[in-house]
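Pasted below: start-v3.cif, mmCIF, C-alpha atoms; chains and numbers go by the auth columns.
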data_final
loop_
_atom_site.group_PDB
_atom_site.id
_atom_site.type_symbol
_atom_site.label_atom_id
_atom_site.label_comp_id
_atom_site.label_asym_id
_atom_site.label_seq_id
_atom_site.Cartn_x
_atom_site.Cartn_y
_atom_site.Cartn_z
_atom_site.B_iso_or_equiv
_atom_site.auth_seq_id
_atom_site.auth_asym_id
ATOM 1 C CA GLY A 1 4.112 40.805 -5.832 0.00 1 A
ATOM 2 C CA GLN A 2 6.105 37.614 -5.559 0.00 2 A
ATOM 3 C CA GLN A 3 9.356 37.374 -7.446 0.00 3 A
ATOM 4 C CA LEU A 4 11.532 34.416 -8.218 0.00 4 A
ATOM 5 C CA ASN A 5 15.187 35.180 -8.795 0.00 5 A
ATOM 6 C CA GLN A 6 17.298 32.751 -10.745 0.00 6 A
ATOM 7 C CA SER A 7 21.058 32.519 -10.798 0.00 7 A
ATOM 8 C CA PRO A 8 23.181 32.558 -12.674 0.00 8 A
ATOM 9 C CA GLN A 9 21.507 34.770 -15.257 0.00 9 A
ATOM 10 C CA SER A 10 23.526 33.071 -17.977 0.00 10 A
ATOM 11 C CA MET A 11 26.270 30.517 -18.235 0.00 11 A
ATOM 12 C CA PHE A 12 28.646 29.251 -20.875 0.00 12 A
ATOM 13 C CA ILE A 13 29.930 25.719 -20.376 0.00 13 A
ATOM 14 C CA GLN A 14 31.717 23.071 -22.344 0.00 14 A
ATOM 15 C CA GLU A 15 30.040 19.923 -23.517 0.00 15 A
ATOM 16 C CA GLY A 16 30.318 17.225 -20.879 0.00 16 A
ATOM 17 C CA GLU A 17 30.372 19.579 -17.913 0.00 17 A
ATOM 18 C CA ASP A 18 27.812 19.529 -15.129 0.00 18 A
ATOM 19 C CA VAL A 19 25.525 22.523 -14.600 0.00 19 A
ATOM 20 C CA SER A 20 23.912 23.900 -11.464 0.00 20 A
ATOM 21 C CA MET A 21 21.374 26.667 -11.225 0.00 21 A
ATOM 22 C CA ASN A 22 19.032 27.846 -8.519 0.00 22 A
ATOM 23 C CA CYS A 23 15.864 29.740 -7.889 0.00 23 A
ATOM 24 C CA THR A 24 15.073 31.724 -4.761 0.00 24 A
ATOM 25 C CA SER A 25 11.975 33.428 -3.469 0.00 25 A
ATOM 26 C CA SER A 26 11.120 35.895 -0.741 0.00 26 A
ATOM 27 C CA SER A 27 8.030 33.862 0.093 0.00 27 A
ATOM 28 C CA ILE A 28 7.035 30.226 0.431 0.00 28 A
ATOM 29 C CA PHE A 29 5.834 28.063 -2.421 0.00 29 A
ATOM 30 C CA ASN A 30 4.336 24.598 -2.104 0.00 30 A
ATOM 31 C CA THR A 31 5.070 23.513 -5.660 0.00 31 A
ATOM 32 C CA TRP A 32 8.182 24.077 -7.719 0.00 32 A
ATOM 33 C CA LEU A 33 8.453 23.382 -11.425 0.00 33 A
ATOM 34 C CA TRP A 34 11.319 23.591 -13.879 0.00 34 A
ATOM 35 C CA TYR A 35 10.755 24.374 -17.561 0.00 35 A
ATOM 36 C CA LYS A 36 13.088 24.684 -20.570 0.00 36 A
ATOM 37 C CA GLN A 37 12.383 27.090 -23.398 0.00 37 A
ATOM 38 C CA ASP A 38 14.021 26.947 -26.810 0.00 38 A
ATOM 39 C CA PRO A 39 14.123 30.109 -28.956 0.00 39 A
ATOM 40 C CA GLY A 40 10.739 30.900 -30.469 0.00 40 A
ATOM 41 C CA GLU A 41 9.006 28.054 -28.652 0.00 41 A
ATOM 42 C CA GLY A 42 6.851 27.593 -25.590 0.00 42 A
ATOM 43 C CA PRO A 43 8.327 26.231 -22.351 0.00 43 A
ATOM 44 C CA VAL A 44 8.521 22.471 -21.879 0.00 44 A
ATOM 45 C CA LEU A 45 7.992 20.973 -18.438 0.00 45 A
ATOM 46 C CA LEU A 46 11.057 19.127 -17.124 0.00 46 A
ATOM 47 C CA ILE A 47 10.469 18.359 -13.466 0.00 47 A
ATOM 48 C CA ALA A 48 7.751 18.921 -10.857 0.00 48 A
ATOM 49 C CA LEU A 49 8.397 19.028 -7.092 0.00 49 A
ATOM 50 C CA TYR A 50 5.643 18.863 -4.460 0.00 50 A
ATOM 51 C CA LYS A 51 7.273 18.272 -1.077 0.00 51 A
ATOM 52 C CA ALA A 52 9.920 20.187 0.835 0.00 52 A
ATOM 53 C CA GLY A 53 13.226 18.333 0.595 0.00 53 A
ATOM 54 C CA GLU A 54 12.057 16.282 -2.395 0.00 54 A
ATOM 55 C CA LEU A 55 14.746 15.278 -4.876 0.00 55 A
ATOM 56 C CA THR A 56 13.531 14.240 -8.331 0.00 56 A
ATOM 57 C CA SER A 57 15.382 13.154 -11.455 0.00 57 A
ATOM 58 C CA ASN A 58 14.492 13.136 -15.134 0.00 58 A
ATOM 59 C CA GLY A 59 17.344 11.550 -17.068 0.00 59 A
ATOM 60 C CA ARG A 60 20.391 13.762 -16.665 0.00 60 A
ATOM 61 C CA LEU A 61 18.376 16.392 -14.816 0.00 61 A
ATOM 62 C CA THR A 62 17.949 16.463 -11.052 0.00 62 A
ATOM 63 C CA ALA A 63 15.978 19.041 -9.109 0.00 63 A
ATOM 64 C CA GLN A 64 15.422 19.613 -5.419 0.00 64 A
ATOM 65 C CA PHE A 65 12.711 21.374 -3.448 0.00 65 A
ATOM 66 C CA GLY A 66 14.476 23.384 -0.747 0.00 66 A
ATOM 67 C CA ILE A 67 13.561 22.588 2.839 0.00 67 A
ATOM 68 C CA THR A 68 12.744 26.232 3.548 0.00 68 A
ATOM 69 C CA ARG A 69 10.204 26.123 0.676 0.00 69 A
ATOM 70 C CA LYS A 70 11.778 29.319 -0.617 0.00 70 A
ATOM 71 C CA ASP A 71 14.222 27.825 -3.094 0.00 71 A
ATOM 72 C CA SER A 72 14.830 25.100 -5.618 0.00 72 A
ATOM 73 C CA PHE A 73 17.854 23.798 -7.492 0.00 73 A
ATOM 74 C CA LEU A 74 18.339 22.218 -10.894 0.00 74 A
ATOM 75 C CA ASN A 75 21.392 20.225 -11.891 0.00 75 A
ATOM 76 C CA ILE A 76 22.230 18.945 -15.355 0.00 76 A
ATOM 77 C CA SER A 77 24.928 16.312 -15.623 0.00 77 A
ATOM 78 C CA ALA A 78 27.198 15.729 -18.624 0.00 78 A
ATOM 79 C CA SER A 79 25.768 18.563 -20.690 0.00 79 A
ATOM 80 C CA ILE A 80 25.212 18.133 -24.419 0.00 80 A
ATOM 81 C CA PRO A 81 24.594 20.722 -27.154 0.00 81 A
ATOM 82 C CA SER A 82 20.814 20.209 -27.104 0.00 82 A
ATOM 83 C CA ASP A 83 20.747 21.398 -23.481 0.00 83 A
ATOM 84 C CA VAL A 84 21.119 24.932 -24.859 0.00 84 A
ATOM 85 C CA GLY A 85 18.141 27.107 -23.984 0.00 85 A
ATOM 86 C CA ILE A 86 16.578 29.104 -21.202 0.00 86 A
ATOM 87 C CA TYR A 87 15.642 27.334 -17.995 0.00 87 A
ATOM 88 C CA PHE A 88 12.819 28.770 -15.932 0.00 88 A
ATOM 89 C CA CYS A 89 11.732 27.850 -12.461 0.00 89 A
ATOM 90 C CA ALA A 90 8.100 28.392 -11.540 0.00 90 A
ATOM 91 C CA GLY A 91 6.349 28.318 -8.202 0.00 91 A
ATOM 92 C CA ARG A 92 2.811 27.883 -7.033 0.00 92 A
ATOM 93 C CA THR A 93 1.261 28.687 -3.648 0.00 93 A
ATOM 94 C CA GLY A 94 -1.688 27.106 -1.907 0.00 94 A
ATOM 95 C CA THR A 95 -4.421 25.766 -4.107 0.00 95 A
ATOM 96 C CA ALA A 96 -4.046 28.498 -6.695 0.00 96 A
ATOM 97 C CA SER A 97 -3.660 27.393 -10.269 0.00 97 A
ATOM 98 C CA LYS A 98 -1.406 30.152 -11.481 0.00 98 A
ATOM 99 C CA LEU A 99 2.365 30.012 -11.571 0.00 99 A
ATOM 100 C CA THR A 100 4.974 32.656 -10.863 0.00 100 A
ATOM 101 C CA PHE A 101 7.944 32.342 -13.200 0.00 101 A
ATOM 102 C CA GLY A 102 11.568 33.011 -12.414 0.00 102 A
ATOM 103 C CA THR A 103 13.853 35.365 -14.292 0.00 103 A
ATOM 104 C CA GLY A 104 15.459 32.521 -16.256 0.00 104 A
ATOM 105 C CA THR A 105 18.942 31.090 -16.717 0.00 105 A
ATOM 106 C CA ARG A 106 20.314 31.090 -20.242 0.00 106 A
ATOM 107 C CA LEU A 107 22.564 28.115 -20.917 0.00 107 A
ATOM 108 C CA GLN A 108 25.073 27.983 -23.748 0.00 108 A
ATOM 109 C CA VAL A 109 27.060 24.818 -24.434 0.00 109 A
ATOM 110 C CA THR A 110 30.245 24.889 -26.456 0.00 110 A
ATOM 111 C CA LEU A 111 31.767 21.882 -28.139 0.00 111 A
ATOM 112 C CA GLY B 1 0.251 13.049 -23.971 0.00 1 B
ATOM 113 C CA ALA B 2 -0.414 16.688 -23.300 0.00 2 B
ATOM 114 C CA VAL B 3 -0.176 18.648 -26.520 0.00 3 B
ATOM 115 C CA VAL B 4 -1.214 22.278 -26.808 0.00 4 B
ATOM 116 C CA SER B 5 -1.362 24.092 -30.128 0.00 5 B
ATOM 117 C CA GLN B 6 -1.621 27.763 -31.011 0.00 6 B
ATOM 118 C CA HIS B 7 -2.703 29.440 -34.185 0.00 7 B
ATOM 119 C CA PRO B 8 -1.341 31.421 -35.858 0.00 8 B
ATOM 120 C CA SER B 9 2.326 30.928 -35.037 0.00 9 B
ATOM 121 C CA TRP B 10 3.043 34.460 -36.157 0.00 10 B
ATOM 122 C CA VAL B 11 1.025 37.427 -37.319 0.00 11 B
ATOM 123 C CA ILE B 12 1.799 40.916 -38.619 0.00 12 B
ATOM 124 C CA CYS B 13 -0.951 43.498 -38.509 0.00 13 B
ATOM 125 C CA LYS B 14 -1.489 47.203 -38.916 0.00 14 B
ATOM 126 C CA SER B 15 -1.942 49.472 -35.939 0.00 15 B
ATOM 127 C CA GLY B 16 -5.605 49.750 -34.927 0.00 16 B
ATOM 128 C CA THR B 17 -6.665 46.334 -36.127 0.00 17 B
ATOM 129 C CA SER B 18 -7.705 43.382 -33.955 0.00 18 B
ATOM 130 C CA VAL B 19 -5.961 40.030 -33.871 0.00 19 B
ATOM 131 C CA LYS B 20 -7.327 36.727 -32.606 0.00 20 B
ATOM 132 C CA ILE B 21 -5.075 33.942 -31.316 0.00 21 B
ATOM 133 C CA GLU B 22 -6.390 30.435 -30.719 0.00 22 B
ATOM 134 C CA CYS B 23 -5.159 27.963 -28.120 0.00 23 B
ATOM 135 C CA ARG B 24 -6.221 24.326 -28.250 0.00 24 B
ATOM 136 C CA SER B 25 -5.511 21.333 -26.045 0.00 25 B
ATOM 137 C CA LEU B 26 -5.301 18.533 -28.592 0.00 26 B
ATOM 138 C CA ASP B 27 -5.372 15.352 -26.545 0.00 27 B
ATOM 139 C CA PHE B 28 -6.916 16.351 -23.245 0.00 28 B
ATOM 140 C CA GLN B 29 -9.641 18.473 -21.756 0.00 29 B
ATOM 141 C CA ALA B 30 -8.315 21.485 -19.900 0.00 30 B
ATOM 142 C CA THR B 31 -10.118 22.758 -16.831 0.00 31 B
ATOM 143 C CA THR B 32 -8.035 25.903 -16.931 0.00 32 B
ATOM 144 C CA MET B 33 -6.140 27.783 -19.623 0.00 33 B
ATOM 145 C CA PHE B 34 -3.672 30.594 -19.146 0.00 34 B
ATOM 146 C CA TRP B 35 -2.390 33.401 -21.344 0.00 35 B
ATOM 147 C CA TYR B 36 1.115 34.796 -20.990 0.00 36 B
ATOM 148 C CA ARG B 37 3.099 37.522 -22.693 0.00 37 B
ATOM 149 C CA GLN B 38 6.853 37.395 -23.097 0.00 38 B
ATOM 150 C CA PHE B 39 9.038 40.275 -24.250 0.00 39 B
ATOM 151 C CA PRO B 40 12.505 39.601 -25.721 0.00 40 B
ATOM 152 C CA LYS B 41 14.961 38.210 -23.203 0.00 41 B
ATOM 153 C CA GLN B 42 12.417 38.402 -20.420 0.00 42 B
ATOM 154 C CA SER B 43 10.409 35.930 -18.414 0.00 43 B
ATOM 155 C CA LEU B 44 6.801 34.916 -18.916 0.00 44 B
ATOM 156 C CA MET B 45 4.246 37.293 -17.479 0.00 45 B
ATOM 157 C CA LEU B 46 0.799 35.928 -16.745 0.00 46 B
ATOM 158 C CA MET B 47 -1.957 37.995 -18.330 0.00 47 B
ATOM 159 C CA ALA B 48 -5.063 36.062 -17.369 0.00 48 B
ATOM 160 C CA THR B 49 -6.482 32.772 -16.146 0.00 49 B
ATOM 161 C CA SER B 50 -9.448 31.310 -17.954 0.00 50 B
ATOM 162 C CA ASN B 51 -11.918 28.611 -16.941 0.00 51 B
ATOM 163 C CA GLU B 52 -14.350 27.103 -19.410 0.00 52 B
ATOM 164 C CA GLY B 53 -17.704 28.833 -19.382 0.00 53 B
ATOM 165 C CA SER B 54 -16.732 31.625 -17.020 0.00 54 B
ATOM 166 C CA LYS B 55 -15.131 35.031 -17.254 0.00 55 B
ATOM 167 C CA ALA B 56 -11.357 35.211 -17.287 0.00 56 B
ATOM 168 C CA THR B 57 -9.454 36.513 -14.287 0.00 57 B
ATOM 169 C CA TYR B 58 -6.994 39.181 -15.359 0.00 58 B
ATOM 170 C CA GLU B 59 -3.743 40.037 -13.643 0.00 59 B
ATOM 171 C CA GLN B 60 -3.198 43.508 -12.279 0.00 60 B
ATOM 172 C CA GLY B 61 -2.328 45.962 -15.019 0.00 61 B
ATOM 173 C CA VAL B 62 -3.789 43.890 -17.866 0.00 62 B
ATOM 174 C CA GLU B 63 -6.698 45.639 -19.593 0.00 63 B
ATOM 175 C CA LYS B 64 -9.585 43.212 -19.989 0.00 64 B
ATOM 176 C CA ASP B 65 -11.225 45.335 -22.683 0.00 65 B
ATOM 177 C CA LYS B 66 -8.066 45.282 -24.745 0.00 66 B
ATOM 178 C CA PHE B 67 -7.214 41.605 -24.316 0.00 67 B
ATOM 179 C CA LEU B 68 -10.484 39.743 -24.754 0.00 68 B
ATOM 180 C CA ILE B 69 -10.446 36.124 -23.689 0.00 69 B
ATOM 181 C CA ASN B 70 -13.095 33.601 -24.619 0.00 70 B
ATOM 182 C CA HIS B 71 -12.980 30.075 -23.256 0.00 71 B
ATOM 183 C CA ALA B 72 -15.733 28.415 -25.245 0.00 72 B
ATOM 184 C CA SER B 73 -14.965 24.781 -24.545 0.00 73 B
ATOM 185 C CA LEU B 74 -12.688 22.509 -22.552 0.00 74 B
ATOM 186 C CA THR B 75 -10.265 22.409 -25.469 0.00 75 B
ATOM 187 C CA LEU B 76 -10.329 25.933 -26.884 0.00 76 B
ATOM 188 C CA SER B 77 -9.501 29.393 -25.603 0.00 77 B
ATOM 189 C CA THR B 78 -9.031 32.517 -27.704 0.00 78 B
ATOM 190 C CA LEU B 79 -7.227 35.774 -27.027 0.00 79 B
ATOM 191 C CA THR B 80 -8.205 38.808 -29.067 0.00 80 B
ATOM 192 C CA VAL B 81 -5.920 41.807 -28.996 0.00 81 B
ATOM 193 C CA THR B 82 -8.217 44.700 -29.851 0.00 82 B
ATOM 194 C CA SER B 83 -7.041 47.893 -31.518 0.00 83 B
ATOM 195 C CA ALA B 84 -3.485 46.655 -31.500 0.00 84 B
ATOM 196 C CA HIS B 85 -0.605 49.118 -31.283 0.00 85 B
ATOM 197 C CA PRO B 86 3.147 48.650 -31.741 0.00 86 B
ATOM 198 C CA GLU B 87 3.660 48.331 -27.977 0.00 87 B
ATOM 199 C CA ASP B 88 1.464 45.221 -28.061 0.00 88 B
ATOM 200 C CA SER B 89 4.059 43.479 -30.214 0.00 89 B
ATOM 201 C CA SER B 90 5.212 40.492 -28.208 0.00 90 B
ATOM 202 C CA PHE B 91 5.329 36.705 -27.946 0.00 91 B
ATOM 203 C CA TYR B 92 1.993 35.428 -26.642 0.00 92 B
ATOM 204 C CA ILE B 93 1.960 31.945 -25.125 0.00 93 B
ATOM 205 C CA CYS B 94 -0.965 29.941 -23.817 0.00 94 B
ATOM 206 C CA SER B 95 -0.944 26.979 -21.478 0.00 95 B
ATOM 207 C CA ALA B 96 -3.517 24.433 -20.415 0.00 96 B
ATOM 208 C CA ARG B 97 -3.944 22.406 -17.285 0.00 97 B
ATOM 209 C CA LYS B 98 -5.986 19.209 -17.026 0.00 98 B
ATOM 210 C CA ARG B 99 -7.028 19.438 -13.417 0.00 99 B
ATOM 211 C CA LEU B 100 -5.791 20.265 -9.956 0.00 100 B
ATOM 212 C CA GLY B 101 -3.665 17.741 -8.142 0.00 101 B
ATOM 213 C CA ASP B 102 -0.011 17.167 -7.304 0.00 102 B
ATOM 214 C CA ASN B 103 0.979 15.207 -10.359 0.00 103 B
ATOM 215 C CA LEU B 104 3.254 16.101 -13.238 0.00 104 B
ATOM 216 C CA ASN B 105 0.497 15.212 -15.704 0.00 105 B
ATOM 217 C CA ASN B 106 -1.765 17.818 -14.100 0.00 106 B
ATOM 218 C CA GLU B 107 0.633 20.715 -14.548 0.00 107 B
ATOM 219 C CA GLN B 108 0.528 23.494 -17.153 0.00 108 B
ATOM 220 C CA PHE B 109 1.525 22.449 -20.658 0.00 109 B
ATOM 221 C CA PHE B 110 2.420 25.242 -23.034 0.00 110 B
ATOM 222 C CA GLY B 111 1.632 25.973 -26.634 0.00 111 B
ATOM 223 C CA PRO B 112 4.382 26.938 -29.092 0.00 112 B
ATOM 224 C CA GLY B 113 3.563 30.643 -28.871 0.00 113 B
ATOM 225 C CA THR B 114 2.368 33.305 -31.301 0.00 114 B
ATOM 226 C CA ARG B 115 4.643 36.140 -32.346 0.00 115 B
ATOM 227 C CA LEU B 116 2.617 39.315 -32.871 0.00 116 B
ATOM 228 C CA THR B 117 4.127 42.257 -34.703 0.00 117 B
ATOM 229 C CA VAL B 118 2.074 45.424 -34.944 0.00 118 B
ATOM 230 C CA LEU B 119 3.248 47.911 -37.551 0.00 119 B
#
Would you mind writing the structure in this file as structure tokens?
Amino acid sequence: GQQLNQSPQSMFIQEGEDVSMNCTSSSIFNTWLWYKQDPGEGPVLLIALYKAGELTSNGRLTAQFGITRKDSFLNISASIPSDVGIYFCAGRTGTASKLTFGTGTRLQVTL
Amino acid sequence: GAVVSQHPSWVICKSGTSVKIECRSLDFQATTMFWYRQFPKQSLMLMATSNEGSKATYEQGVEKDKFLINHASLTLSTLTVTSAHPEDSSFYICSARKRLGDNLNNEQFFGPGTRLTVL
């Protein structure tokens, strides 16, 4: 089946630093989503991308839909302690409703 | 908004018993609801997709007779884990989607999850 690989698997950064993470696939997706999950909670939708090459921002977060349709990137600027959590990418193909989730990137922010 | 609730938030049961988890979309009608399972430090794995009034579509490897899904209305779906065993212990998360269409408001919104522990 389809797999979405995220990198890095985990990262430790200092407050105020910028963060970059990516998600790659062996097959094409026509929708990319980015979610954040806090411990013991369900994922929260951050950004949705629908067109190849699209660049979308949500506050300090910026995500891009790769032009090959096989990858997506998420950047967080000026990180703060509440950015701590696990970030998941998710992809959808065709008109299907279901999502395929990535392996996750665990972000730790130190003061 | 797009708020999804789950009940209970956690449950402990004895091996062999059945457990029912409810998922509700509180401020919207969901055309489709989804059930996921997440093991510690792992990603979300889709178990089944459920449309109101029809049978759920299960992912490969998920036993439909063990994980019973009922989608009785546009705002409620239930997952029943039958004859639960310790290996069924996991974090179960539901999501709901309003409708199809390329719009952030039409994407899957997740409930807070239910932690199941089977002794």
Excluding B:Leu46 and its own-chain neighbours fewer than 2 positions away, which residues fall within 9 Å of it when counting only C-alpha atoms? Please give them as a short mmCIF file (atom, residue, chain, number, x, y, z; two decimals) with C-alpha atoms, in the coordinates of the input.
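Output saved as result.cif:
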data_model
loop_
_atom_site.label_atom_id
_atom_site.label_comp_id
_atom_site.auth_asym_id
_atom_site.auth_seq_id
_atom_site.Cartn_x
_atom_site.Cartn_y
_atom_site.Cartn_z
CA LYS A 98 -1.41 30.15 -11.48
CA LEU A 99 2.37 30.01 -11.57
CA THR A 100 4.97 32.66 -10.86
CA PHE A 101 7.94 32.34 -13.20
CA PHE B 34 -3.67 30.59 -19.15
CA TRP B 35 -2.39 33.40 -21.34
CA TYR B 36 1.12 34.80 -20.99
CA ARG B 37 3.10 37.52 -22.69
CA GLN B 38 6.85 37.40 -23.10
CA LEU B 44 6.80 34.92 -18.92
CA ALA B 48 -5.06 36.06 -17.37
CA THR B 49 -6.48 32.77 -16.15
CA TYR B 58 -6.99 39.18 -15.36
CA GLU B 59 -3.74 40.04 -13.64
#
Which residues come within 9 Å of A:Met11, counting all atoms listed in the file, excluding same-chain residues fewer than 2 positions away, as a PDB file with C-alpha atoms, in the coordinates of the input?
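See selection_3.pdb below for the written result:
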ATOM      1  CA  PRO A   8      23.181  32.558 -12.674  1.00  0.00           C
ATOM      2  CA  GLN A   9      21.507  34.770 -15.257  1.00  0.00           C
ATOM      3  CA  ILE A  13      29.930  25.719 -20.376  1.00  0.00           C
ATOM      4  CA  VAL A  19      25.525  22.523 -14.600  1.00  0.00           C
ATOM      5  CA  THR A 105      18.942  31.090 -16.717  1.00  0.00           C
ATOM      6  CA  ARG A 106      20.314  31.090 -20.242  1.00  0.00           C
ATOM      7  CA  LEU A 107      22.564  28.115 -20.917  1.00  0.00           C
ATOM      8  CA  GLN A 108      25.073  27.983 -23.748  1.00  0.00           C
ATOM      9  CA  VAL A 109      27.060  24.818 -24.434  1.00  0.00           C
TER      10      VAL A 109
END
- prompt: Mind listing as a ChimeraX atom specification which residues of chain B are within 12 Å of chain A, counting only C-alpha atoms?
  reply: /B:2-6,9-10,31-51,57-60,90-116
query: Do you know which residues are at most 6 Å from A:Lys70 counting all atoms listed in the file, after dropping those on the same chain fewer than 3 positions away, and could you put them as a PyMOL selection string?
result: chain A and resi 24-25+27-28
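Neighbouring residues of A:Glu54 at 12 Å or closer, counting all atoms listed in the file and skipping chain neighbours under 3 positions away, are A:Asn30, A:Thr31, A:Trp32, A:Ile47, A:Ala48, A:Leu49, A:Tyr50, A:Lys51, A:Ser57, A:Thr62, A:Ala63, A:Gln64, A:Phe65, A:Gly66, A:Ile67, A:Thr68, A:Arg69, A:Asp71, A:Ser72, A:Phe73.
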message: Applying the PyMOL selection byres ((chain A and resi 61) around 8) to the file I just gave you, which residues come out? Please list them as a PyMOL selection string.
response: chain A and resi 57-60+62-63+74-77
Between atom CA of B:Val118 and atom CA of B:Val81 - distance in Å to one decimal: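 Atom CA of B:Val118 lies at a distance of 10.6 Å from atom CA of B:Val81.
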message: For this structure, which residues satisfy the selection - the PyMOL selection byres ((chain B and resi 85) around 12) - when it is evaluated on the file as given? I want them as a list in words.
response: Ile12, Cys13, Lys14, Ser15, Gly16, Thr17, Ser18, Val19, Lys66, Val81, Thr82, Ser83, Ala84, Pro86, Glu87, Asp88, Ser89, Ser90, Leu116, Thr117, Val118 and Leu119 of chain B
Best match for closeness to B:Glu22 among B:Val62, B:Ala72, B:Phe67, B:Pro8, counting all atoms listed in the file: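 The answer is B:Pro8, which sits nearest to B:Glu22.
Here atom CA of A:Thr110 stands at a distance of 27.8 Å from atom CA of A:Leu4.
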Starting from 4 Å padding per side, set up an axis-aligned box that covers all listed atoms of stretch 15-20 of chain A and hand over centre and edge lengths in Å, one decimal, as AutoDock Vina command-line options.
--center_x 27.1 --center_y 20.6 --center_z -17.5 --size_x 14.5 --size_y 14.7 --size_z 20.1
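Here atom CA of A:Leu55 and atom CA of A:Ala78 stand 18.6 Å from one another.
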- request: Given the file shown, enumerate the residues that the PyMOL selection byres ((chain B and resi 27) around 10) captures and present them as a VMD selection string.
  value: chain B and resid 1 to 4 24 to 26 28 to 30 75
Keeping C-alpha atoms for every residue in the selection just given, could you write it to a file as a PDB file, keeping the file's coordinate frame?
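Heads up, here's the output in selection26.pdb:
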ATOM      1  CA  GLY B   1       0.251  13.049 -23.971  1.00  0.00           C
ATOM      2  CA  ALA B   2      -0.414  16.688 -23.300  1.00  0.00           C
ATOM      3  CA  VAL B   3      -0.176  18.648 -26.520  1.00  0.00           C
ATOM      4  CA  VAL B   4      -1.214  22.278 -26.808  1.00  0.00           C
ATOM      5  CA  ARG B  24      -6.221  24.326 -28.250  1.00  0.00           C
ATOM      6  CA  SER B  25      -5.511  21.333 -26.045  1.00  0.00           C
ATOM      7  CA  LEU B  26      -5.301  18.533 -28.592  1.00  0.00           C
ATOM      8  CA  PHE B  28      -6.916  16.351 -23.245  1.00  0.00           C
ATOM      9  CA  GLN B  29      -9.641  18.473 -21.756  1.00  0.00           C
ATOM     10  CA  ALA B  30      -8.315  21.485 -19.900  1.00  0.00           C
ATOM     11  CA  THR B  75     -10.265  22.409 -25.469  1.00  0.00           C
TER      12      THR B  75
END
Can you patch up stretch 5-9 of chain A, filling it in to all heavy atoms, and show the result as a PDB file, in the frame of the given file?
ATOM      1  N   ASN A   5      13.907  34.799  -8.211  1.00  0.00           N
ATOM      2  CA  ASN A   5      15.187  35.180  -8.795  1.00  0.00           C
ATOM      3  C   ASN A   5      16.001  33.943  -9.120  1.00  0.00           C
ATOM      4  O   ASN A   5      16.166  33.065  -8.270  1.00  0.00           O
ATOM      5  CB  ASN A   5      15.952  36.071  -7.820  1.00  0.00           C
ATOM      6  CG  ASN A   5      15.247  37.392  -7.595  1.00  0.00           C
ATOM      7  OD1 ASN A   5      14.875  38.080  -8.548  1.00  0.00           O
ATOM      8  ND2 ASN A   5      15.042  37.747  -6.344  1.00  0.00           N
ATOM      9  N   GLN A   6      16.484  33.878 -10.330  1.00  0.00           N
ATOM     10  CA  GLN A   6      17.298  32.751 -10.745  1.00  0.00           C
ATOM     11  C   GLN A   6      18.749  33.175 -10.911  1.00  0.00           C
ATOM     12  O   GLN A   6      19.030  34.298 -11.353  1.00  0.00           O
ATOM     13  CB  GLN A   6      16.801  32.166 -12.070  1.00  0.00           C
ATOM     14  CG  GLN A   6      15.497  31.409 -11.923  1.00  0.00           C
ATOM     15  CD  GLN A   6      15.070  30.731 -13.208  1.00  0.00           C
ATOM     16  OE1 GLN A   6      14.012  31.024 -13.747  1.00  0.00           O
ATOM     17  NE2 GLN A   6      15.906  29.807 -13.703  1.00  0.00           N
ATOM     18  N   SER A   7      19.640  32.261 -10.557  1.00  0.00           N
ATOM     19  CA  SER A   7      21.058  32.519 -10.798  1.00  0.00           C
ATOM     20  C   SER A   7      21.747  31.220 -11.187  1.00  0.00           C
ATOM     21  O   SER A   7      21.344  30.140 -10.752  1.00  0.00           O
ATOM     22  CB  SER A   7      21.722  33.107  -9.548  1.00  0.00           C
ATOM     23  OG  SER A   7      21.738  32.163  -8.518  1.00  0.00           O
ATOM     24  N   PRO A   8      22.749  31.319 -12.054  1.00  0.00           N
ATOM     25  CA  PRO A   8      23.181  32.558 -12.674  1.00  0.00           C
ATOM     26  C   PRO A   8      22.195  33.016 -13.751  1.00  0.00           C
ATOM     27  O   PRO A   8      21.324  32.258 -14.162  1.00  0.00           O
ATOM     28  CB  PRO A   8      24.527  32.174 -13.292  1.00  0.00           C
ATOM     29  CG  PRO A   8      24.381  30.731 -13.619  1.00  0.00           C
ATOM     30  CD  PRO A   8      23.534  30.155 -12.514  1.00  0.00           C
ATOM     31  N   GLN A   9      22.369  34.248 -14.201  1.00  0.00           N
ATOM     32  CA  GLN A   9      21.507  34.770 -15.257  1.00  0.00           C
ATOM     33  C   GLN A   9      21.820  34.069 -16.566  1.00  0.00           C
ATOM     34  O   GLN A   9      20.931  33.803 -17.377  1.00  0.00           O
ATOM     35  CB  GLN A   9      21.730  36.270 -15.388  1.00  0.00           C
ATOM     36  CG  GLN A   9      20.788  36.958 -16.340  1.00  0.00           C
ATOM     37  CD  GLN A   9      20.984  38.468 -16.328  1.00  0.00           C
ATOM     38  OE1 GLN A   9      21.976  38.980 -15.828  1.00  0.00           O
ATOM     39  NE2 GLN A   9      20.035  39.180 -16.891  1.00  0.00           N
TER      40      GLN A   9
END
